file model_17.pdb (PDB, C-alpha atoms)
ATOM      1  CA  MET A   1      90.214  58.790  75.631
ATOM      2  CA  THR A   2      87.183  56.756  76.632
ATOM      3  CA  GLU A   3      85.565  54.808  73.826
ATOM      4  CA  ILE A   4      81.787  55.024  74.038
ATOM      5  CA  TYR A   5      79.308  54.243  71.282
ATOM      6  CA  VAL A   6      75.651  55.105  71.809
ATOM      7  CA  SER A   7      72.774  53.878  69.698
ATOM      8  CA  VAL A   8      69.124  54.712  70.132
ATOM      9  CA  LYS A   9      66.054  53.089  68.647
ATOM     10  CA  ALA A  10      62.352  53.787  69.062
ATOM     11  CA  MET A  11      59.396  52.204  67.366
ATOM     12  CA  VAL A  12      56.689  54.574  66.145
ATOM     13  CA  HIS A  13      53.262  53.013  66.409
ATOM     14  CA  PRO A  14      50.298  54.082  64.238
ATOM     15  CA  THR A  15      48.785  56.013  67.143
ATOM     16  CA  GLU A  16      52.000  58.025  67.636
ATOM     17  CA  SER A  17      53.462  60.998  65.832
ATOM     18  CA  SER A  18      56.943  60.454  64.340
ATOM     19  CA  GLU A  19      57.732  64.085  65.056
ATOM     20  CA  LYS A  20      56.846  63.708  68.734
ATOM     21  CA  VAL A  21      58.920  60.541  69.083
ATOM     22  CA  GLU A  22      61.854  62.387  67.483
ATOM     23  CA  VAL A  23      61.386  65.243  69.970
ATOM     24  CA  ALA A  24      61.386  62.709  72.826
ATOM     25  CA  VAL A  25      64.646  61.149  71.595
ATOM     26  CA  ARG A  26      66.298  64.548  71.135
ATOM     27  CA  ASN A  27      65.163  65.658  74.591
ATOM     28  CA  VAL A  28      67.206  62.769  75.974
ATOM     29  CA  LEU A  29      70.241  62.722  73.646
ATOM     30  CA  GLY A  30      70.329  66.213  72.166
ATOM     31  CA  ASP A  31      70.285  67.170  68.509
ATOM     32  CA  ILE A  32      71.567  63.887  67.107
ATOM     33  CA  PRO A  33      71.132  62.703  63.529
ATOM     34  CA  LEU A  34      68.121  60.395  63.315
ATOM     35  CA  ASN A  35      66.996  58.085  60.539
ATOM     36  CA  SER A  36      63.431  56.925  60.019
ATOM     37  CA  SER A  37      62.570  53.657  58.327
ATOM     38  CA  GLY A  38      59.484  51.602  57.763
ATOM     39  CA  GLU A  39      56.063  52.470  56.537
ATOM     40  CA  GLY A  40      52.508  51.549  57.304
ATOM     41  CA  SER A  41      51.689  50.248  60.736
ATOM     42  CA  LEU A  42      55.139  50.504  62.301
ATOM     43  CA  ALA A  43      58.111  52.780  61.713
ATOM     44  CA  THR A  44      61.472  52.970  63.466
ATOM     45  CA  ILE A  45      63.601  55.933  64.426
ATOM     46  CA  GLU A  46      67.293  55.228  64.964
ATOM     47  CA  GLY A  47      70.449  57.178  65.655
ATOM     48  CA  ARG A  48      74.093  56.713  66.639
ATOM     49  CA  VAL A  49      76.608  58.965  68.366
ATOM     50  CA  GLU A  50      80.045  58.535  69.933
ATOM     51  CA  GLY A  51      81.843  59.760  73.029
ATOM     52  CA  LEU A  52      80.942  60.458  76.634
ATOM     53  CA  GLU A  53      79.965  64.027  75.772
ATOM     54  CA  SER A  54      77.145  62.657  73.597
ATOM     55  CA  LEU A  55      75.496  61.548  76.851
ATOM     56  CA  GLY A  56      75.516  65.125  78.189
ATOM     57  CA  PRO A  57      71.788  65.820  77.685
ATOM     58  CA  LEU A  58      70.835  62.564  79.450
ATOM     59  CA  ARG A  59      73.300  63.342  82.250
ATOM     60  CA  GLY A  60      71.709  66.762  82.672
ATOM     61  CA  LEU A  61      68.228  65.258  82.950
ATOM     62  CA  ILE A  62      69.405  62.694  85.514
ATOM     63  CA  MET A  63      71.083  65.399  87.605
ATOM     64  CA  ARG A  64      68.185  67.862  87.322
ATOM     65  CA  THR A  65      65.577  65.303  88.370
ATOM     66  CA  MET A  66      67.820  64.037  91.196
ATOM     67  CA  ILE A  67      67.591  60.350  90.284
ATOM     68  CA  ARG A  68      71.345  59.638  90.271
ATOM     69  CA  ASP A  69      71.196  56.778  92.781
ATOM     70  CA  ALA A  70      68.244  55.062  91.102
ATOM     71  CA  ALA A  71      69.864  55.499  87.680
ATOM     72  CA  ARG A  72      73.211  54.142  88.925
ATOM     73  CA  ALA A  73      71.499  51.078  90.427
ATOM     74  CA  LEU A  74      69.545  50.363  87.229
ATOM     75  CA  PHE A  75      72.562  50.925  84.968
ATOM     76  CA  THR A  76      74.795  48.699  87.109
ATOM     77  CA  ARG A  77      72.224  45.877  86.970
ATOM     78  CA  SER A  78      71.793  46.349  83.216
ATOM     79  CA  VAL A  79      75.440  45.957  82.161
ATOM     80  CA  GLN A  80      76.370  42.794  80.271
ATOM     81  CA  GLY A  81      80.039  42.706  79.304
ATOM     82  CA  ASP A  82      80.823  45.935  77.490
ATOM     83  CA  THR A  83      77.156  46.785  76.834
ATOM     84  CA  LEU A  84      74.666  48.805  78.846
ATOM     85  CA  SER A  85      71.093  48.632  77.560
ATOM     86  CA  PHE A  86      68.035  50.342  79.004
ATOM     87  CA  GLY A  87      64.705  51.786  77.940
ATOM     88  CA  LEU A  88      63.138  55.163  78.615
ATOM     89  CA  ASN A  89      59.460  56.032  78.629
ATOM     90  CA  LYS A  90      58.666  58.025  75.462
ATOM     91  CA  GLN A  91      55.962  60.173  77.037
ATOM     92  CA  ALA A  92      58.216  61.239  79.919
ATOM     93  CA  ALA A  93      61.077  61.956  77.503
ATOM     94  CA  TYR A  94      58.770  64.078  75.360
ATOM     95  CA  VAL A  95      58.243  66.442  78.306
ATOM     96  CA  GLY A  96      61.944  66.443  79.236
ATOM     97  CA  ARG A  97      61.900  63.899  82.071
ATOM     98  CA  VAL A  98      63.662  60.603  82.632
ATOM     99  CA  SER A  99      61.515  57.619  83.506
ATOM    100  CA  PHE A 100      62.964  54.164  83.028
ATOM    101  CA  HIS A 101      60.796  51.758  81.069
ATOM    102  CA  ARG A 102      59.724  48.518  82.680
ATOM    103  CA  THR A 103      58.641  45.532  80.596
ATOM    104  CA  GLY A 104      54.893  45.570  80.047
ATOM    105  CA  GLU A 105      54.598  49.140  81.316
ATOM    106  CA  SER A 106      53.588  50.764  78.039
ATOM    107  CA  GLN A 107      52.160  49.244  74.898
ATOM    108  CA  LEU A 108      53.996  51.922  72.918
ATOM    109  CA  GLY A 109      57.392  50.575  73.912
ATOM    110  CA  PRO A 110      60.494  52.432  75.054
ATOM    111  CA  ILE A 111      63.195  54.585  73.626
ATOM    112  CA  GLN A 112      65.884  51.897  73.724
ATOM    113  CA  ILE A 113      69.415  53.135  74.422
ATOM    114  CA  ILE A 114      72.473  50.926  74.053
ATOM    115  CA  ILE A 115      75.888  52.092  75.236
ATOM    116  CA  LYS A 116      78.891  50.018  74.147
ATOM    117  CA  GLY A 117      82.468  50.336  75.296
ATOM    118  CA  ASP A 118      83.657  51.571  78.676
ATOM    119  CA  THR A 119      80.333  51.204  80.486
ATOM    120  CA  SER A 120      81.914  51.925  83.880
ATOM    121  CA  SER A 121      83.022  55.380  82.690
ATOM    122  CA  ALA A 122      79.606  55.956  81.110
ATOM    123  CA  ILE A 123      77.818  55.180  84.396
ATOM    124  CA  LYS A 124      80.198  57.416  86.367
ATOM    125  CA  TYR A 125      79.629  60.230  83.870
ATOM    126  CA  LEU A 126      75.857  59.851  83.822
ATOM    127  CA  CYS A 127      75.410  59.495  87.582
ATOM    128  CA  GLY A 128      78.386  61.209  89.150
ATOM    129  CA  LYS A 129      81.343  59.538  90.808
ATOM    130  CA  GLY A 130      79.607  58.547  93.874
TER     131      GLY A 130
END
call {"tool": "encode", "arguments": {"input": "model_17.pdb", "output": "C-alpha coordinates"}}
result
Amino acid sequence: MTEIYVSVKAMVHPTESSEKVEVAVRNVLGDIPLNSSGEGSLATIEGRVEGLESLGPLRGLIMRTMIRDAARALFTRSVQGDTLSFGLNKQAAYVGRVSFHRTGESQLGPIQIIIKGDTSSAIKYLCGKG
(Lines of atoms letter the chains of each structure in order from A and count residues from 1; the text may use other names and numbers.)
(Lines give C-alpha, C1' and ligand atoms only; values in the text may rest on other atoms or scores of the structure.)
Protein backbone atom coordinates (compact mmCIF):
# COMPACT_ATOMS: atom_id res chain seq x y z
CA MET A 1 0.00 0.00 0.00
CA THR A 2 1.36 3.38 -1.02
CA GLU A 3 1.46 5.96 1.74
CA ILE A 4 0.33 9.35 0.46
CA TYR A 5 -0.80 12.30 2.54
CA VAL A 6 -2.33 15.30 0.79
CA SER A 7 -2.91 18.70 2.34
CA VAL A 8 -4.45 21.71 0.69
CA LYS A 9 -4.49 25.33 1.76
CA ALA A 10 -5.93 28.45 0.15
CA MET A 11 -6.05 31.98 1.43
CA VAL A 12 -9.36 33.81 0.99
CA HIS A 13 -8.82 37.50 0.37
CA PRO A 14 -11.45 40.16 1.16
CA THR A 15 -12.35 40.46 -2.52
CA GLU A 16 -13.02 36.71 -2.79
CA SER A 17 -15.95 34.55 -1.78
CA SER A 18 -15.14 31.74 0.68
CA GLU A 19 -17.80 29.62 -0.99
CA LYS A 20 -16.20 30.05 -4.41
CA VAL A 21 -12.73 29.21 -3.09
CA GLU A 22 -14.20 26.07 -1.49
CA VAL A 23 -15.79 25.14 -4.83
CA ALA A 24 -12.41 25.64 -6.54
CA VAL A 25 -10.67 23.35 -4.03
CA ARG A 26 -13.37 20.68 -4.33
CA ASN A 27 -13.23 20.85 -8.12
CA VAL A 28 -9.59 19.80 -7.84
CA LEU A 29 -9.68 17.34 -4.91
CA GLY A 30 -13.30 16.22 -4.74
CA ASP A 31 -15.64 16.44 -1.79
CA ILE A 32 -13.01 16.62 0.94
CA PRO A 33 -13.57 17.94 4.45
CA LEU A 34 -12.47 21.58 4.62
CA ASN A 35 -11.90 23.83 7.61
CA SER A 36 -12.08 27.61 7.52
CA SER A 37 -10.16 29.80 9.93
CA GLY A 38 -9.45 33.46 10.31
CA GLU A 39 -11.64 36.49 10.20
CA GLY A 40 -11.49 39.99 8.87
CA SER A 41 -9.17 40.73 6.00
CA LEU A 42 -7.81 37.23 5.43
CA ALA A 43 -9.23 33.76 5.98
CA THR A 44 -7.76 30.34 5.24
CA ILE A 45 -9.36 27.18 3.93
CA GLU A 46 -7.52 23.95 4.68
CA GLY A 47 -8.07 20.24 4.24
CA ARG A 48 -6.27 16.90 4.49
CA VAL A 49 -6.84 13.53 2.84
CA GLU A 50 -4.89 10.29 2.49
CA GLY A 51 -4.19 7.76 -0.23
CA LEU A 52 -3.57 7.83 -3.96
CA GLU A 53 -7.29 7.59 -4.66
CA SER A 54 -7.76 10.99 -2.99
CA LEU A 55 -5.91 12.45 -5.99
CA GLY A 56 -8.47 10.97 -8.41
CA PRO A 57 -10.29 14.24 -9.19
CA LEU A 58 -7.00 16.03 -9.93
CA ARG A 59 -5.85 13.08 -12.05
CA GLY A 60 -9.09 13.28 -14.02
CA LEU A 61 -8.61 16.99 -14.70
CA ILE A 62 -5.01 16.45 -15.82
CA MET A 63 -6.05 13.65 -18.17
CA ARG A 64 -9.10 15.49 -19.54
CA THR A 65 -7.15 18.66 -20.31
CA MET A 66 -4.28 16.64 -21.82
CA ILE A 67 -1.51 18.29 -19.80
CA ARG A 68 0.13 15.08 -18.54
CA ASP A 69 3.61 15.88 -19.87
CA ALA A 70 3.61 19.45 -18.56
CA ALA A 71 2.27 18.28 -15.19
CA ARG A 72 4.87 15.49 -14.95
CA ALA A 73 7.69 17.96 -15.72
CA LEU A 74 6.46 20.46 -13.12
CA PHE A 75 5.87 17.79 -10.47
CA THR A 76 9.29 16.22 -11.04
CA ARG A 77 10.99 19.62 -10.64
CA SER A 78 8.92 20.38 -7.53
CA VAL A 79 9.82 17.30 -5.47
CA GLN A 80 12.06 17.83 -2.44
CA GLY A 81 12.73 14.60 -0.55
CA ASP A 82 9.39 12.99 0.19
CA THR A 83 7.38 16.16 -0.49
CA LEU A 84 5.77 17.46 -3.66
CA SER A 85 4.42 21.01 -3.40
CA PHE A 86 2.70 23.02 -6.11
CA GLY A 87 0.10 25.74 -6.53
CA LEU A 88 -2.99 25.89 -8.71
CA ASN A 89 -4.75 28.98 -10.01
CA LYS A 90 -8.00 29.45 -8.05
CA GLN A 91 -9.96 30.96 -10.93
CA ALA A 92 -9.09 28.09 -13.28
CA ALA A 93 -9.92 25.53 -10.58
CA TYR A 94 -13.28 27.21 -9.99
CA VAL A 95 -14.27 26.45 -13.60
CA GLY A 96 -12.88 22.90 -13.44
CA ARG A 97 -9.51 23.44 -15.14
CA VAL A 98 -5.94 22.91 -14.05
CA SER A 99 -3.57 25.83 -14.39
CA PHE A 100 -0.36 25.78 -12.40
CA HIS A 101 0.34 28.92 -10.39
CA ARG A 102 3.53 30.83 -11.03
CA THR A 103 4.98 33.19 -8.42
CA GLY A 104 3.70 36.72 -8.95
CA GLU A 105 1.03 35.54 -11.38
CA SER A 106 -2.00 36.36 -9.26
CA GLN A 107 -2.36 38.66 -6.29
CA LEU A 108 -5.00 36.29 -4.93
CA GLY A 109 -2.50 33.49 -4.45
CA PRO A 110 -2.80 29.80 -5.28
CA ILE A 111 -4.52 26.74 -4.01
CA GLN A 112 -1.41 25.20 -2.46
CA ILE A 113 -1.24 21.40 -2.56
CA ILE A 114 1.36 19.41 -0.66
CA ILE A 115 1.77 15.67 -1.20
CA LYS A 116 3.94 13.79 1.29
CA GLY A 117 5.11 10.21 1.11
CA ASP A 118 5.75 8.20 -2.04
CA THR A 119 5.90 11.14 -4.44
CA SER A 120 7.10 8.95 -7.32
CA SER A 121 3.91 6.87 -7.13
CA ALA A 122 1.83 10.04 -6.82
CA ILE A 123 3.36 11.51 -9.99
CA LYS A 124 2.87 8.23 -11.89
CA TYR A 125 -0.75 8.11 -10.75
CA LEU A 126 -1.47 11.74 -11.59
CA CYS A 127 0.26 11.75 -14.98
CA GLY A 128 0.22 8.17 -16.18
CA LYS A 129 3.16 5.80 -16.31
CA GLY A 130 4.81 7.32 -19.20
call {"tool": "residues_near_point", "arguments": {"input": "model_17.pdb", "point": "(65.6, 48.7, 81.1)", "cutoff": "6 Å", "atoms": "all atoms listed in the file", "output": "PyMOL selection string"}}
result
chain A and resi 86-87+101
call {"tool": "resolve_selection", "arguments": {"input": "model_17.pdb", "expression": "the PyMOL selection byres ((chain A and resi 9-23) around 10)", "output": "NGL selection string"}}
result
:A and (7-8 or 24-32 or 34-48 or 87-88 or 90-91 or 93-96 or 107-114)
call {"tool": "closest_residue", "arguments": {"input": "model_17.pdb", "among": "A:Ala71, A:Val98, A:Ile123, A:Ile115", "to": "Leu84 of chain A", "atoms": "only C-alpha atoms"}}
result
A:Ile115
call {"tool": "resolve_selection", "arguments": {"input": "model_17.pdb", "expression": "the PyMOL selection byres ((chain A and resi 65-68) around 9)", "output": "VMD selection string"}}
result
chain A and resid 60 to 64 69 to 73 97 to 98 126 to 128
call {"tool": "residues_around", "arguments": {"input": "model_17.pdb", "residues": "Tyr125 of chain A", "least_positions_apart": "4", "cutoff": "10 Å", "atoms": "all atoms listed in the file", "output": "number ranges by chain"}}
result
A: 52-53, 55-56, 59, 119-121, 129
call {"tool": "resolve_selection", "arguments": {"input": "model_17.pdb", "expression": "the PyMOL selection byres ((chain A and resi 4) around 8)", "output": "ChimeraX atom specification"}}
result
/A:2-3,5-6,50-52,115-119,122
call {"tool": "write_last_selection", "arguments": {"input": "model_17.pdb", "atoms": "C-alpha atoms", "output": "PDB file, in the coordinates of the input"}}
result
ATOM      1  CA  THR A   2      87.183  56.756  76.632  1.00  0.00           C
ATOM      2  CA  GLU A   3      85.565  54.808  73.826  1.00  0.00           C
ATOM      3  CA  TYR A   5      79.308  54.243  71.282  1.00  0.00           C
ATOM      4  CA  VAL A   6      75.651  55.105  71.809  1.00  0.00           C
ATOM      5  CA  GLU A  50      80.045  58.535  69.933  1.00  0.00           C
ATOM      6  CA  GLY A  51      81.843  59.760  73.029  1.00  0.00           C
ATOM      7  CA  LEU A  52      80.942  60.458  76.634  1.00  0.00           C
ATOM      8  CA  ILE A 115      75.888  52.092  75.236  1.00  0.00           C
ATOM      9  CA  LYS A 116      78.891  50.018  74.147  1.00  0.00           C
ATOM     10  CA  GLY A 117      82.468  50.336  75.296  1.00  0.00           C
ATOM     11  CA  ASP A 118      83.657  51.571  78.676  1.00  0.00           C
ATOM     12  CA  THR A 119      80.333  51.204  80.486  1.00  0.00           C
ATOM     13  CA  ALA A 122      79.606  55.956  81.110  1.00  0.00           C
TER      14      ALA A 122
END
call {"tool": "atom_distance", "arguments": {"input": "model_17.pdb", "atom1": "atom CA of Leu58 of chain A", "atom2": "atom CA of Pro33 of chain A"}}
result
15.9 Å
call {"tool": "atom_distance", "arguments": {"input": "model_17.pdb", "atom1": "atom CA of Ser99 of chain A", "atom2": "atom CA of Phe75 of chain A"}}
result
13.0 Å
call {"tool": "decode", "arguments": {"input": "model_17.pdb", "residues": "segment 84-121 of chain A", "atoms": "N, CA and C atoms", "output": "JSON list (two decimals), in the first residue's frame"}}
result
[["chain", "number", "residue", "atom", "x", "y", "z"],
["A", 84, "LEU", "N", 6.08, 16.80, -2.40],
["A", 84, "LEU", "CA", 5.77, 17.46, -3.66],
["A", 84, "LEU", "C", 4.83, 18.61, -3.34],
["A", 85, "SER", "N", 5.23, 19.83, -3.71],
["A", 85, "SER", "CA", 4.42, 21.01, -3.40],
["A", 85, "SER", "C", 4.24, 21.82, -4.68],
["A", 86, "PHE", "N", 2.98, 22.22, -4.94],
["A", 86, "PHE", "CA", 2.70, 23.02, -6.11],
["A", 86, "PHE", "C", 1.43, 23.83, -5.86],
["A", 87, "GLY", "N", 1.26, 24.88, -6.65],
["A", 87, "GLY", "CA", 0.10, 25.74, -6.53],
["A", 87, "GLY", "C", -0.75, 25.68, -7.80],
["A", 88, "LEU", "N", -2.05, 25.85, -7.60],
["A", 88, "LEU", "CA", -2.99, 25.89, -8.71],
["A", 88, "LEU", "C", -3.73, 27.21, -8.70],
["A", 89, "ASN", "N", -4.00, 27.73, -9.87],
["A", 89, "ASN", "CA", -4.75, 28.98, -10.01],
["A", 89, "ASN", "C", -6.18, 28.76, -9.53],
["A", 90, "LYS", "N", -6.65, 29.59, -8.61],
["A", 90, "LYS", "CA", -8.00, 29.45, -8.05],
["A", 90, "LYS", "C", -9.09, 29.66, -9.08],
["A", 91, "GLN", "N", -8.92, 30.66, -9.94],
["A", 91, "GLN", "CA", -9.96, 30.96, -10.93],
["A", 91, "GLN", "C", -10.11, 29.82, -11.92],
["A", 92, "ALA", "N", -9.02, 29.23, -12.36],
["A", 92, "ALA", "CA", -9.09, 28.09, -13.28],
["A", 92, "ALA", "C", -9.74, 26.90, -12.58],
["A", 93, "ALA", "N", -9.35, 26.66, -11.33],
["A", 93, "ALA", "CA", -9.92, 25.53, -10.58],
["A", 93, "ALA", "C", -11.42, 25.72, -10.38],
["A", 94, "TYR", "N", -11.85, 26.94, -10.19],
["A", 94, "TYR", "CA", -13.28, 27.21, -9.99],
["A", 94, "TYR", "C", -14.11, 26.77, -11.19],
["A", 95, "VAL", "N", -13.54, 26.86, -12.39],
["A", 95, "VAL", "CA", -14.27, 26.45, -13.60],
["A", 95, "VAL", "C", -13.86, 25.04, -14.05],
["A", 96, "GLY", "N", -13.20, 24.29, -13.16],
["A", 96, "GLY", "CA", -12.88, 22.90, -13.44],
["A", 96, "GLY", "C", -11.70, 22.68, -14.35],
["A", 97, "ARG", "N", -10.72, 23.57, -14.32],
["A", 97, "ARG", "CA", -9.51, 23.44, -15.14],
["A", 97, "ARG", "C", -8.29, 23.43, -14.25],
["A", 98, "VAL", "N", -7.20, 22.91, -14.77],
["A", 98, "VAL", "CA", -5.94, 22.91, -14.05],
["A", 98, "VAL", "C", -5.01, 23.91, -14.71],
["A", 99, "SER", "N", -4.56, 24.87, -13.95],
["A", 99, "SER", "CA", -3.57, 25.83, -14.39],
["A", 99, "SER", "C", -2.60, 26.00, -13.23],
["A", 100, "PHE", "N", -1.34, 25.71, -13.47],
["A", 100, "PHE", "CA", -0.36, 25.78, -12.40],
["A", 100, "PHE", "C", 0.00, 27.23, -12.11],
["A", 101, "HIS", "N", 0.06, 27.56, -10.85],
["A", 101, "HIS", "CA", 0.34, 28.92, -10.39],
["A", 101, "HIS", "C", 1.83, 29.21, -10.49],
["A", 102, "ARG", "N", 2.14, 30.37, -11.00],
["A", 102, "ARG", "CA", 3.53, 30.83, -11.03],
["A", 102, "ARG", "C", 3.64, 32.01, -10.07],
["A", 103, "THR", "N", 4.76, 32.10, -9.38],
["A", 103, "THR", "CA", 4.98, 33.19, -8.42],
["A", 103, "THR", "C", 4.76, 34.54, -9.10],
["A", 104, "GLY", "N", 3.98, 35.39, -8.44],
["A", 104, "GLY", "CA", 3.70, 36.72, -8.95],
["A", 104, "GLY", "C", 2.59, 36.77, -9.98],
["A", 105, "GLU", "N", 2.04, 35.61, -10.34],
["A", 105, "GLU", "CA", 1.03, 35.54, -11.38],
["A", 105, "GLU", "C", -0.30, 36.17, -10.96],
["A", 106, "SER", "N", -0.71, 35.88, -9.73],
["A", 106, "SER", "CA", -2.00, 36.36, -9.26],
["A", 106, "SER", "C", -1.85, 36.91, -7.85],
["A", 107, "GLN", "N", -2.42, 38.07, -7.63],
["A", 107, "GLN", "CA", -2.36, 38.66, -6.29],
["A", 107, "GLN", "C", -3.21, 37.88, -5.30],
["A", 108, "LEU", "N", -4.12, 37.05, -5.81],
["A", 108, "LEU", "CA", -5.00, 36.29, -4.93],
["A", 108, "LEU", "C", -4.33, 35.04, -4.38],
["A", 109, "GLY", "N", -3.21, 34.66, -4.94],
["A", 109, "GLY", "CA", -2.50, 33.49, -4.45],
["A", 109, "GLY", "C", -3.12, 32.19, -4.95],
["A", 110, "PRO", "N", -2.38, 31.10, -4.74],
["A", 110, "PRO", "CA", -2.80, 29.80, -5.28],
["A", 110, "PRO", "C", -3.60, 28.97, -4.30],
["A", 111, "ILE", "N", -4.11, 27.88, -4.83],
["A", 111, "ILE", "CA", -4.52, 26.74, -4.01],
["A", 111, "ILE", "C", -3.23, 25.94, -3.86],
["A", 112, "GLN", "N", -2.69, 25.87, -2.67],
["A", 112, "GLN", "CA", -1.41, 25.20, -2.46],
["A", 112, "GLN", "C", -1.67, 23.74, -2.07],
["A", 113, "ILE", "N", -1.08, 22.83, -2.82],
["A", 113, "ILE", "CA", -1.24, 21.40, -2.56],
["A", 113, "ILE", "C", 0.12, 20.82, -2.20],
["A", 114, "ILE", "N", 0.14, 20.07, -1.10],
["A", 114, "ILE", "CA", 1.36, 19.41, -0.66],
["A", 114, "ILE", "C", 1.08, 17.92, -0.54],
["A", 115, "ILE", "N", 1.89, 17.13, -1.24],
["A", 115, "ILE", "CA", 1.77, 15.67, -1.20],
["A", 115, "ILE", "C", 3.01, 15.14, -0.52],
["A", 116, "LYS", "N", 2.82, 14.37, 0.55],
["A", 116, "LYS", "CA", 3.94, 13.79, 1.29],
["A", 116, "LYS", "C", 3.87, 12.28, 1.19],
["A", 117, "GLY", "N", 5.04, 11.67, 1.15],
["A", 117, "GLY", "CA", 5.11, 10.21, 1.11],
["A", 117, "GLY", "C", 5.78, 9.76, -0.18],
["A", 118, "ASP", "N", 5.19, 8.77, -0.82],
["A", 118, "ASP", "CA", 5.75, 8.20, -2.04],
["A", 118, "ASP", "C", 5.40, 9.11, -3.23],
["A", 119, "THR", "N", 6.19, 10.16, -3.40],
["A", 119, "THR", "CA", 5.90, 11.14, -4.44],
["A", 119, "THR", "C", 6.04, 10.55, -5.84],
["A", 120, "SER", "N", 6.94, 9.60, -6.02],
["A", 120, "SER", "CA", 7.10, 8.95, -7.32],
["A", 120, "SER", "C", 5.82, 8.26, -7.75],
["A", 121, "SER", "N", 5.20, 7.53, -6.84],
["A", 121, "SER", "CA", 3.91, 6.87, -7.13],
["A", 121, "SER", "C", 2.82, 7.90, -7.39]]
